[in-house]
Amino acid sequence: MILMRIDRELLLKIGLKNAFLHGGKASVKAIVNKVIGSSPELRDHIKEVAAIAKEIAIEIEQMSESEIRLRLLQLDPDSFTKEKAHQKRELPDLEVLSEKVVMRLAPSPSGPLHIGHSRMAILNDEYVKRYGGELILRIEDTNPRNIDPIAYSQIPEDLRWLNVNVTSIIIQSDRMDIYYREAEKLLSNGHAYICSCSPELFRKLKLSSQACPHRDTSVDRNLESFENILKDRNFARDKTLVIKTDLKHPNPSVRDWIAFRFVDYPHPRTGSRYWFYPTMNFSVAIDDHLLGLTHVMRGKDHLNNTEKQRYIYRYNKWKEPKYYHFGLVSIPDTILHASEMRDGIRSGRFSGWDDVRLGTLMAMKKRGYLPETFRRYWVESGLRESDAEFSWEIFDSINRELIDRSALRFSFVKDPLPITFNVPYNVESESPYHPEVPSLGFRRYSFYGRTKIYLSKEDFLDISLRESVRLKDFCNLRIEGHSFIMEKENKPRKGIKIINWVPENARDYEVQFPDGNIVKGKIEPLAEGYDGVSQFERFGYVRMYKNASVGYFLHK
């Protein structure tokens, strides 16, 4: 029996830690596997262990997340310290070969930044803060068809919200004359040529390692054609400017690649002033050199682009920056593609770029995530060379730790149903605004006589005849016949089911989830006027806005 008591405490600690990391619910299977793993001698008693684990899981399910945290701290005060020490990681050092580090962020202005963009923004910022130097925001807008004007103002705003310190902002559409000048140099040196092949023919020749018929055009004729392209929109229509590379290169995409193309589409900043636009690989190579980049961080999907851009550096005899290519991160269950978001906004499917169903930073901010969460997550994730999947579980756990202490507690019941009962003497319910911060005070409601409150439909239907239940921080009730009766014994009892409730003057309130579902219910009166993240007891964290009738679900 003594052994079983010791084992029960061990199982309880394991269960509490499991529940803390998984939104307040403990997995029986996880508890059993963990305890058997740490105490293999219990394998022969797995049925007994499973029975205790099930009992503990039910017990934990009755606790709020704050109660889980508090109980875990009581049983194992060092658990969170150990967890943090284990998770703390630092980014590897850069190879620094110059006095000043210059790095850049280079988003396309197809829309505001999303959670994927935050990775490179924060990692570049971390390195510039470590070594000192410059962090340039370069908005790459040389594809007029893929621009949303909101991006010009929203991208810097998103970075400010992330606490990313940009030292200067460069917009590529302001630099067209620079790109034309550099293109002319390459034509003059015989490293580029003007092509008028159809896209299909050019592609076919590349794949077979054959030269385009215009590849050996004289320098003078190429320069004359380039001059005419910049003067005459109609002359430019079927023209491209191509960088010469190795036609036998094992990767067909690296063989003679297109550096400029005709785009007959108005630009939101320059209108119809230009029609011959540089491709990303050309403008990026030119800007990375002229802006003095010392280090370039990019996903390994850019390896071919790096190889293409190196031709520009070699032809100009420029010193290359140090390139770092890292594994890609997939972000599950999240809408990230700008075209899908833009189309959804135009059709009315989404309310805007901050619609909480989207993965934009605007939407994440609206839901209540903190910028510190992004920084901690990406720094702790490190710079892996292998591909990985973004973990919402870990991300939410970090955010929960950051917001929990400042998140006031309120009672919310979904699908509310009214019940009435008699309170024979004056009773005051008393619930803390935060169980770990008593200085924040208490939510108090007084009752006497015929009393009406609301329970959730789920809790209402779950109450059995003659079963006693505890209205959280209020009183004990039981059903007799068709009536609710307040019990004389008004203190909490061990093992009694605890349910949430709200008083009669609770107001209607909706919670919108990131999958678009909306839960309707009622929220207690003392939540009126609150602005910030709150923990709705036994429901989850919700971003509330002052005097609004709808909040946004954050996470458990």
# chains A, B, ... in the order shown; residues from 1 in each chain; ligands from 1
$ residues_around --residues "Ser534 (chain A)" --least-positions-apart "2" --cutoff "7 Å" --atoms "only C-alpha atoms" --output "list in words"
Ala407, Leu408, Arg409, Phe410, Gly532, Phe536, Tyr541, Val542, Arg543 and Met544 of chain A
$ residues_around --residues "Leu465 (chain A)" --least-positions-apart "3" --cutoff "9 Å" --atoms "only C-alpha atoms" --output "VMD selection string"
chain A and resid 468 478 to 482
$ residues_around --residues "Gln154 (chain A)" --least-positions-apart "2" --cutoff "10 Å" --atoms "only C-alpha atoms" --output "PyMOL selection string"
chain A and resi 109+111-113+149-152+156-160+361-362
$ select_by_dssp --residues "region 289-511 of chain A" --states "alpha helix (DSSP H)" --output "mmCIF file with N, CA and C atoms, in the first residue's frame"
data_model
loop_
_atom_site.group_PDB
_atom_site.id
_atom_site.type_symbol
_atom_site.label_atom_id
_atom_site.label_comp_id
_atom_site.auth_asym_id
_atom_site.auth_seq_id
_atom_site.Cartn_x
_atom_site.Cartn_y
_atom_site.Cartn_z
ATOM 1 N N HIS A 289 24.921 43.125 -53.338
ATOM 2 C CA HIS A 289 26.280 43.691 -53.419
ATOM 3 C C HIS A 289 26.287 45.184 -53.100
ATOM 4 N N LEU A 290 25.449 45.949 -53.771
ATOM 5 C CA LEU A 290 25.506 47.401 -53.622
ATOM 6 C C LEU A 290 25.120 47.865 -52.216
ATOM 7 N N LEU A 303 18.734 27.364 -53.040
ATOM 8 C CA LEU A 303 20.079 26.932 -53.443
ATOM 9 C C LEU A 303 20.336 27.201 -54.924
ATOM 10 N N ASN A 304 19.365 26.898 -55.774
ATOM 11 C CA ASN A 304 19.531 27.166 -57.203
ATOM 12 C C ASN A 304 19.625 28.658 -57.482
ATOM 13 N N ASN A 305 18.845 29.457 -56.729
ATOM 14 C CA ASN A 305 18.907 30.905 -56.917
ATOM 15 C C ASN A 305 20.279 31.443 -56.517
ATOM 16 N N THR A 306 20.836 30.899 -55.450
ATOM 17 C CA THR A 306 22.182 31.320 -55.041
ATOM 18 C C THR A 306 23.192 31.034 -56.140
ATOM 19 N N GLU A 307 23.063 29.856 -56.746
ATOM 20 C CA GLU A 307 23.982 29.488 -57.837
ATOM 21 C C GLU A 307 23.837 30.451 -59.018
ATOM 22 N N LYS A 308 22.616 30.825 -59.359
ATOM 23 C CA LYS A 308 22.395 31.776 -60.459
ATOM 24 C C LYS A 308 23.004 33.129 -60.125
ATOM 25 N N GLN A 309 22.772 33.601 -58.900
ATOM 26 C CA GLN A 309 23.229 34.931 -58.512
ATOM 27 C C GLN A 309 24.750 35.019 -58.453
ATOM 28 N N ARG A 310 25.389 33.902 -58.213
ATOM 29 C CA ARG A 310 26.854 33.904 -58.139
ATOM 30 C C ARG A 310 27.480 34.261 -59.494
ATOM 31 N N TYR A 311 26.775 34.000 -60.590
ATOM 32 C CA TYR A 311 27.302 34.394 -61.900
ATOM 33 C C TYR A 311 27.438 35.909 -61.979
ATOM 34 N N ILE A 312 26.491 36.638 -61.421
ATOM 35 C CA ILE A 312 26.567 38.101 -61.423
ATOM 36 C C ILE A 312 27.794 38.559 -60.635
ATOM 37 N N TYR A 313 28.031 37.913 -59.498
ATOM 38 C CA TYR A 313 29.192 38.265 -58.676
ATOM 39 C C TYR A 313 30.493 37.964 -59.408
ATOM 40 N N ARG A 314 30.555 36.807 -60.055
ATOM 41 C CA ARG A 314 31.807 36.430 -60.753
ATOM 42 C C ARG A 314 32.087 37.367 -61.919
ATOM 43 N N TYR A 315 31.060 37.670 -62.702
ATOM 44 C CA TYR A 315 31.260 38.535 -63.866
ATOM 45 C C TYR A 315 31.716 39.923 -63.449
ATOM 46 N N ASN A 316 31.239 40.392 -62.298
ATOM 47 C CA ASN A 316 31.608 41.726 -61.824
ATOM 48 C C ASN A 316 32.806 41.711 -60.881
ATOM 49 N N ALA A 338 -0.660 34.222 -50.176
ATOM 50 C CA ALA A 338 -1.215 35.567 -50.339
ATOM 51 C C ALA A 338 -2.353 35.582 -51.348
ATOM 52 N N SER A 339 -2.213 34.818 -52.433
ATOM 53 C CA SER A 339 -3.255 34.824 -53.467
ATOM 54 C C SER A 339 -4.573 34.277 -52.916
ATOM 55 N N GLU A 340 -4.496 33.208 -52.124
ATOM 56 C CA GLU A 340 -5.710 32.640 -51.538
ATOM 57 C C GLU A 340 -6.341 33.626 -50.560
ATOM 58 N N MET A 341 -5.509 34.278 -49.764
ATOM 59 C CA MET A 341 -6.034 35.246 -48.803
ATOM 60 C C MET A 341 -6.654 36.439 -49.526
ATOM 61 N N ARG A 342 -5.960 36.944 -50.551
ATOM 62 C CA ARG A 342 -6.454 38.110 -51.285
ATOM 63 C C ARG A 342 -7.773 37.804 -51.986
ATOM 64 N N ASP A 343 -7.841 36.642 -52.619
ATOM 65 C CA ASP A 343 -9.080 36.251 -53.293
ATOM 66 C C ASP A 343 -10.218 36.106 -52.290
ATOM 67 N N GLY A 344 -9.892 35.562 -51.121
ATOM 68 C CA GLY A 344 -10.914 35.387 -50.092
ATOM 69 C C GLY A 344 -11.425 36.712 -49.551
ATOM 70 N N ILE A 345 -10.528 37.680 -49.458
ATOM 71 C CA ILE A 345 -10.939 39.016 -48.990
ATOM 72 C C ILE A 345 -11.831 39.689 -50.031
ATOM 73 N N ARG A 346 -11.431 39.576 -51.299
ATOM 74 C CA ARG A 346 -12.219 40.204 -52.367
ATOM 75 C C ARG A 346 -13.606 39.597 -52.503
ATOM 76 N N SER A 347 -13.700 38.286 -52.275
ATOM 77 C CA SER A 347 -14.990 37.608 -52.417
ATOM 78 C C SER A 347 -15.879 37.754 -51.185
ATOM 79 N N LEU A 361 0.496 37.918 -39.493
ATOM 80 C CA LEU A 361 0.846 38.443 -38.167
ATOM 81 C C LEU A 361 -0.266 39.346 -37.641
ATOM 82 N N MET A 362 -0.966 40.018 -38.553
ATOM 83 C CA MET A 362 -2.105 40.845 -38.131
ATOM 84 C C MET A 362 -3.158 39.981 -37.441
ATOM 85 N N ALA A 363 -3.418 38.802 -38.010
ATOM 86 C CA ALA A 363 -4.415 37.904 -37.416
ATOM 87 C C ALA A 363 -3.915 37.315 -36.109
ATOM 88 N N MET A 364 -2.626 36.985 -36.056
ATOM 89 C CA MET A 364 -2.059 36.410 -34.831
ATOM 90 C C MET A 364 -2.089 37.435 -33.693
ATOM 91 N N LYS A 365 -1.808 38.677 -34.022
ATOM 92 C CA LYS A 365 -1.884 39.752 -33.029
ATOM 93 C C LYS A 365 -3.322 39.924 -32.556
ATOM 94 N N LYS A 366 -4.266 39.886 -33.490
ATOM 95 C CA LYS A 366 -5.680 40.061 -33.146
ATOM 96 C C LYS A 366 -6.159 38.956 -32.216
ATOM 97 N N ARG A 367 -5.625 37.747 -32.398
ATOM 98 C CA ARG A 367 -6.020 36.626 -31.552
ATOM 99 C C ARG A 367 -5.416 36.702 -30.155
ATOM 100 N N PRO A 371 4.436 39.064 -29.324
ATOM 101 C CA PRO A 371 5.623 39.009 -30.187
ATOM 102 C C PRO A 371 6.760 38.219 -29.562
ATOM 103 N N GLU A 372 6.851 38.209 -28.214
ATOM 104 C CA GLU A 372 7.908 37.438 -27.550
ATOM 105 C C GLU A 372 7.775 35.946 -27.823
ATOM 106 N N THR A 373 6.561 35.493 -28.076
ATOM 107 C CA THR A 373 6.344 34.070 -28.367
ATOM 108 C C THR A 373 7.044 33.676 -29.659
ATOM 109 N N PHE A 374 6.923 34.514 -30.672
ATOM 110 C CA PHE A 374 7.570 34.240 -31.958
ATOM 111 C C PHE A 374 9.085 34.173 -31.786
ATOM 112 N N ARG A 375 9.635 35.129 -31.050
ATOM 113 C CA ARG A 375 11.091 35.172 -30.885
ATOM 114 C C ARG A 375 11.591 33.936 -30.151
ATOM 115 N N ARG A 376 10.937 33.598 -29.049
ATOM 116 C CA ARG A 376 11.382 32.422 -28.295
ATOM 117 C C ARG A 376 11.251 31.156 -29.122
ATOM 118 N N TYR A 377 10.157 31.035 -29.858
ATOM 119 C CA TYR A 377 9.952 29.805 -30.628
ATOM 120 C C TYR A 377 11.042 29.628 -31.686
ATOM 121 N N TRP A 378 11.308 30.691 -32.452
ATOM 122 C CA TRP A 378 12.268 30.536 -33.547
ATOM 123 C C TRP A 378 13.702 30.412 -33.043
ATOM 124 N N VAL A 379 14.046 31.107 -31.971
ATOM 125 C CA VAL A 379 15.399 30.970 -31.426
ATOM 126 C C VAL A 379 15.595 29.566 -30.854
ATOM 127 N N GLU A 380 14.573 29.073 -30.139
ATOM 128 C CA GLU A 380 14.688 27.733 -29.561
ATOM 129 C C GLU A 380 14.651 26.651 -30.647
ATOM 130 N N SER A 381 13.997 26.941 -31.784
ATOM 131 C CA SER A 381 13.970 25.973 -32.887
ATOM 132 C C SER A 381 15.325 25.893 -33.569
ATOM 133 N N TRP A 392 2.402 23.805 -33.341
ATOM 134 C CA TRP A 392 1.460 24.691 -32.665
ATOM 135 C C TRP A 392 1.424 24.386 -31.165
ATOM 136 N N GLU A 393 1.642 23.132 -30.813
ATOM 137 C CA GLU A 393 1.617 22.740 -29.408
ATOM 138 C C GLU A 393 2.699 23.469 -28.616
ATOM 139 N N ILE A 394 3.922 23.477 -29.149
ATOM 140 C CA ILE A 394 5.026 24.154 -28.465
ATOM 141 C C ILE A 394 4.825 25.670 -28.509
ATOM 142 N N PHE A 395 4.412 26.182 -29.653
ATOM 143 C CA PHE A 395 4.188 27.613 -29.815
ATOM 144 C C PHE A 395 3.152 28.110 -28.812
ATOM 145 N N ASP A 396 2.034 27.381 -28.692
ATOM 146 C CA ASP A 396 0.987 27.775 -27.748
ATOM 147 C C ASP A 396 1.457 27.646 -26.303
ATOM 148 N N SER A 397 2.291 26.638 -26.035
ATOM 149 C CA SER A 397 2.813 26.457 -24.683
ATOM 150 C C SER A 397 3.673 27.652 -24.267
ATOM 151 N N ILE A 398 4.493 28.154 -25.199
ATOM 152 C CA ILE A 398 5.320 29.331 -24.905
ATOM 153 C C ILE A 398 4.427 30.543 -24.663
ATOM 154 N N ASN A 399 3.434 30.718 -25.533
ATOM 155 C CA ASN A 399 2.549 31.874 -25.388
ATOM 156 C C ASN A 399 1.760 31.802 -24.087
ATOM 157 N N ARG A 400 1.325 30.581 -23.737
ATOM 158 C CA ARG A 400 0.561 30.390 -22.497
ATOM 159 C C ARG A 400 1.394 30.811 -21.282
ATOM 160 N N GLU A 401 2.651 30.420 -21.300
ATOM 161 C CA GLU A 401 3.533 30.766 -20.182
ATOM 162 C C GLU A 401 3.706 32.278 -20.059
ATOM 163 N N LEU A 402 3.752 32.965 -21.211
ATOM 164 C CA LEU A 402 3.974 34.408 -21.207
ATOM 165 C C LEU A 402 2.735 35.192 -20.792
ATOM 166 N N ILE A 403 1.556 34.712 -21.186
ATOM 167 C CA ILE A 403 0.340 35.492 -20.930
ATOM 168 C C ILE A 403 -0.375 35.113 -19.642
ATOM 169 N N LYS A 457 -25.288 23.946 -21.740
ATOM 170 C CA LYS A 457 -26.181 22.833 -22.084
ATOM 171 C C LYS A 457 -25.501 21.497 -21.800
ATOM 172 N N GLU A 458 -24.198 21.436 -22.097
ATOM 173 C CA GLU A 458 -23.435 20.203 -21.890
ATOM 174 C C GLU A 458 -23.424 19.812 -20.415
ATOM 175 N N ASP A 459 -23.154 20.775 -19.532
ATOM 176 C CA ASP A 459 -23.145 20.484 -18.090
ATOM 177 C C ASP A 459 -24.553 20.169 -17.590
ATOM 178 N N PHE A 460 -25.541 20.898 -18.090
ATOM 179 C CA PHE A 460 -26.923 20.695 -17.661
ATOM 180 C C PHE A 460 -27.367 19.251 -17.936
ATOM 181 N N LEU A 461 -27.068 18.764 -19.141
ATOM 182 C CA LEU A 461 -27.498 17.415 -19.518
ATOM 183 C C LEU A 461 -26.681 16.326 -18.840
ATOM 184 N N ASP A 462 -25.534 16.728 -18.287
ATOM 185 C CA ASP A 462 -24.647 15.742 -17.675
ATOM 186 C C ASP A 462 -24.966 15.509 -16.196
#
$ closest_residue --among "A:Met486, A:Ile14, A:Ile194, A:Ile169" --to "Asn228 (chain A)" --atoms "only C-alpha atoms"
A:Ile194
$ residues_around --residues "region 495-505 of chain A" --least-positions-apart "5" --cutoff "6 Å" --atoms "only C-alpha atoms" --output "list in words"
Lys452, Ile453, Tyr454, Leu455, Val469, Arg470, Leu471, Lys472 and Glu524 of chain A
$ atom_distance --atom1 "CA of Glu55 (chain A)" --atom2 "CA of Lys25 (chain A)"
12.8 Å
$ residues_around --residues "Ile170 (chain A)" --least-positions-apart "2" --cutoff "9 Å" --atoms "only C-alpha atoms" --output "MDAnalysis selection string"
chainID A and resid 136:140 168 172 174:175
$ closest_residue --among "A:Gly359, A:Pro144, A:Pro250, A:Gly292" --to "Thr270 (chain A)" --atoms "only C-alpha atoms"
A:Pro144
$ atom_distance --atom1 "CA of Thr334 (chain A)" --atom2 "CA of Ser110 (chain A)"
17.3 Å
$ closest_residue --among "A:Val413, A:Ile286, A:Leu328, A:Val128" --to "Lys300 (chain A)" --atoms "only C-alpha atoms"
A:Leu328
$ residues_around --residues "region 218-225 of chain A" --least-positions-apart "4" --cutoff "9 Å" --atoms "only C-alpha atoms" --output "ChimeraX atom specification"
/A:184,187-190,192-194,229-230,235-236
$ write_last_selection --atoms "N, CA and C atoms" --output "mmCIF file, in the first residue's frame"
data_model
loop_
_atom_site.group_PDB
_atom_site.id
_atom_site.type_symbol
_atom_site.label_atom_id
_atom_site.label_comp_id
_atom_site.auth_asym_id
_atom_site.auth_seq_id
_atom_site.Cartn_x
_atom_site.Cartn_y
_atom_site.Cartn_z
ATOM 1 N N GLU A 184 23.279 46.934 -68.468
ATOM 2 C CA GLU A 184 24.052 47.461 -69.606
ATOM 3 C C GLU A 184 25.525 47.073 -69.490
ATOM 4 N N LEU A 187 25.857 43.469 -70.569
ATOM 5 C CA LEU A 187 25.754 43.371 -72.035
ATOM 6 C C LEU A 187 27.050 43.834 -72.687
ATOM 7 N N SER A 188 27.603 44.920 -72.166
ATOM 8 C CA SER A 188 28.841 45.478 -72.732
ATOM 9 C C SER A 188 30.006 44.507 -72.600
ATOM 10 N N ASN A 189 30.008 43.711 -71.548
ATOM 11 C CA ASN A 189 31.099 42.757 -71.311
ATOM 12 C C ASN A 189 30.836 41.386 -71.918
ATOM 13 N N GLY A 190 29.736 41.260 -72.632
ATOM 14 C CA GLY A 190 29.437 39.999 -73.307
ATOM 15 C C GLY A 190 28.899 38.910 -72.391
ATOM 16 N N ALA A 192 25.776 38.881 -71.170
ATOM 17 C CA ALA A 192 24.316 38.816 -71.282
ATOM 18 C C ALA A 192 23.930 39.106 -72.732
ATOM 19 N N TYR A 193 22.698 38.780 -73.082
ATOM 20 C CA TYR A 193 22.221 39.032 -74.444
ATOM 21 C C TYR A 193 20.714 39.244 -74.447
ATOM 22 N N ILE A 194 20.222 39.876 -75.500
ATOM 23 C CA ILE A 194 18.798 40.098 -75.680
ATOM 24 C C ILE A 194 18.243 38.964 -76.526
ATOM 25 N N ILE A 229 14.483 48.790 -76.194
ATOM 26 C CA ILE A 229 13.538 48.185 -75.229
ATOM 27 C C ILE A 229 13.096 49.224 -74.203
ATOM 28 N N LEU A 230 14.039 50.003 -73.708
ATOM 29 C CA LEU A 230 13.730 50.985 -72.667
ATOM 30 C C LEU A 230 12.978 52.191 -73.216
ATOM 31 N N PHE A 235 8.317 47.543 -78.880
ATOM 32 C CA PHE A 235 9.527 46.821 -79.263
ATOM 33 C C PHE A 235 9.911 45.798 -78.187
ATOM 34 N N ALA A 236 9.610 46.133 -76.932
ATOM 35 C CA ALA A 236 10.040 45.288 -75.809
ATOM 36 C C ALA A 236 9.165 44.058 -75.609
#
$ select_by_dssp --residues "region 330-434 of chain A" --states "strand (DSSP E)" --output "MDAnalysis selection string"
chainID A and resid 330 388:389 408:410 412:414 416:432
$ atom_distance --atom1 "CA of Ala106 (chain A)" --atom2 "CA of Asp264 (chain A)"
24.0 Å
$ residues_around --residues "Thr240 (chain A)" --least-positions-apart "2" --cutoff "8 Å" --atoms "only C-alpha atoms" --output "list of chain:residue names"
A:Ile194, A:Cys195, A:Ser196, A:Asp238, A:Val242, A:Ile258, A:Ala259, A:Phe260, A:Arg261, A:Phe262
$ closest_residue --among "A:Ala527, A:Ile463, A:Met63, A:Ile115" --to "Phe484 (chain A)" --atoms "only C-alpha atoms"
A:Ile463
$ closest_residue --among "A:Phe202, A:Phe326, A:Phe442, A:Phe282" --to "His302 (chain A)" --atoms "only C-alpha atoms"
A:Phe326
